[in-house]
Amino acid sequence: MSVGNSPRIETSKITFTNVSLPAGIRYDGMGLGVGIADVNEDGWEDIFVTNDFIANDYLYINNQQGGFDQMSQTHLDHVSHFSMGNDMADFNNDRLIDMVTADMLPQENVHEKKCPFR
Ligand SMILES: [Ca+2]
Ligand SMILES: [Ca+2]
């Protein structure tokens with residue numbers, strides 16, 4: 001996911017404006033998954049971004065003031081370091097949102113040791 005450096009994109013009928021930085025979406029990473037759900041049950045949708053090896057996964061809690069605060073450290077016990085996609089839903093019917101991340105760490109760590117970012 002690229003944050004904050006994308007120019008305004010216009011098509012003939014639809015216009016998109018990048019509001020990532022004003023909304024508090026400040027962290028770059030190799031984003032491969034985005035999930036939207038009300039994780040803290042305050043009635044406002046939150047965003048879960050899963051990243052591959054360069055950055056951690058980020059949980060953006062809706063601050064109800066037009067933006068989000070990155071709060072993965074206080075809301076999650078741990079995150080994957082090689083995340084692919086994610087999904088959020090009530091998978092076990094207990095009326096609480098569950099979060100699932102697909103991790104792609106290979107069985108051997110040869111590839112990880114060759115990575116220049118580690
Ligand atoms: Ca929420
Ligand atoms: Ca559940």
# chains A, B, ... in the order shown; residues from 1 in each chain; ligands from 1
call {"tool": "select_by_dssp", "arguments": {"residues": "segment 18-95 of chain A", "states": "alpha helix (DSSP H)", "output": "list of chain:residue names"}}
result
A:Ser72, A:Gln73, A:Thr74, A:His75
call {"tool": "write_last_selection", "arguments": {"atoms": "C-alpha atoms", "output": "PDB file, in the first residue's frame"}}
result
ATOM      1  CA  SER A  72      -2.198  -2.681  16.723  1.00  0.00           C
ATOM      2  CA  GLN A  73       0.161  -2.590  19.732  1.00  0.00           C
ATOM      3  CA  THR A  74      -2.679  -2.070  22.213  1.00  0.00           C
ATOM      4  CA  HIS A  75      -5.401  -4.142  20.532  1.00  0.00           C
TER       5      HIS A  75
END
call {"tool": "residues_around", "arguments": {"residues": "Ile47 of chain A", "least_positions_apart": "5", "cutoff": "7 Å", "atoms": "only C-alpha atoms", "output": "ChimeraX atom specification"}}
result
/A:34-37,59-61
call {"tool": "write_last_selection", "arguments": {"atoms": "N, CA and C atoms", "output": "short mmCIF file (atom, residue, chain, number, x, y, z; two decimals), in the first residue's frame"}}
result
data_model
loop_
_atom_site.label_atom_id
_atom_site.label_comp_id
_atom_site.auth_asym_id
_atom_site.auth_seq_id
_atom_site.Cartn_x
_atom_site.Cartn_y
_atom_site.Cartn_z
N VAL A 34 -6.69 -5.92 3.12
CA VAL A 34 -7.40 -4.88 3.86
C VAL A 34 -8.74 -5.45 4.29
N GLY A 35 -9.01 -5.35 5.58
CA GLY A 35 -10.29 -5.77 6.11
C GLY A 35 -10.97 -4.60 6.80
N ILE A 36 -12.27 -4.54 6.68
CA ILE A 36 -13.06 -3.48 7.29
C ILE A 36 -14.09 -4.11 8.21
N ALA A 37 -14.09 -3.71 9.48
CA ALA A 37 -15.09 -4.19 10.44
C ALA A 37 -15.01 -3.30 11.68
N LEU A 59 -3.59 -2.05 12.63
CA LEU A 59 -5.01 -1.96 12.94
C LEU A 59 -5.34 -0.50 13.18
N TYR A 60 -6.10 0.07 12.28
CA TYR A 60 -6.50 1.48 12.39
C TYR A 60 -7.90 1.55 13.00
N ILE A 61 -7.96 2.11 14.21
CA ILE A 61 -9.24 2.27 14.90
C ILE A 61 -9.83 3.63 14.51
#
call {"tool": "residues_near_ligand", "arguments": {"ligand": "ligand 1", "cutoff": "12 Å", "atoms": "only C-alpha atoms and all ligand atoms", "output": "ChimeraX atom specification"}}
result
/A:36-48,59-65,67-69,71,75,97
call {"tool": "residues_near_ligand", "arguments": {"ligand": "ligand 2", "cutoff": "7 Å", "atoms": "only C-alpha atoms and all ligand atoms", "output": "PyMOL selection string"}}
result
chain A and resi 89-98
call {"tool": "select_by_dssp", "arguments": {"residues": "chain A", "states": "strand (DSSP E or B)", "output": "count of residues only"}}
result
38
call {"tool": "closest_residue", "arguments": {"among": "A:Glu108, A:Asp77, A:Asp103, A:Asp57", "to": "Tyr27 of chain A", "atoms": "only C-alpha atoms"}}
result
A:Asp57
call {"tool": "closest_residue", "arguments": {"among": "A:Asp87, A:Val79, A:Gly66, A:Lys114", "to": "Leu21 of chain A", "atoms": "only C-alpha atoms"}}
result
A:Gly66
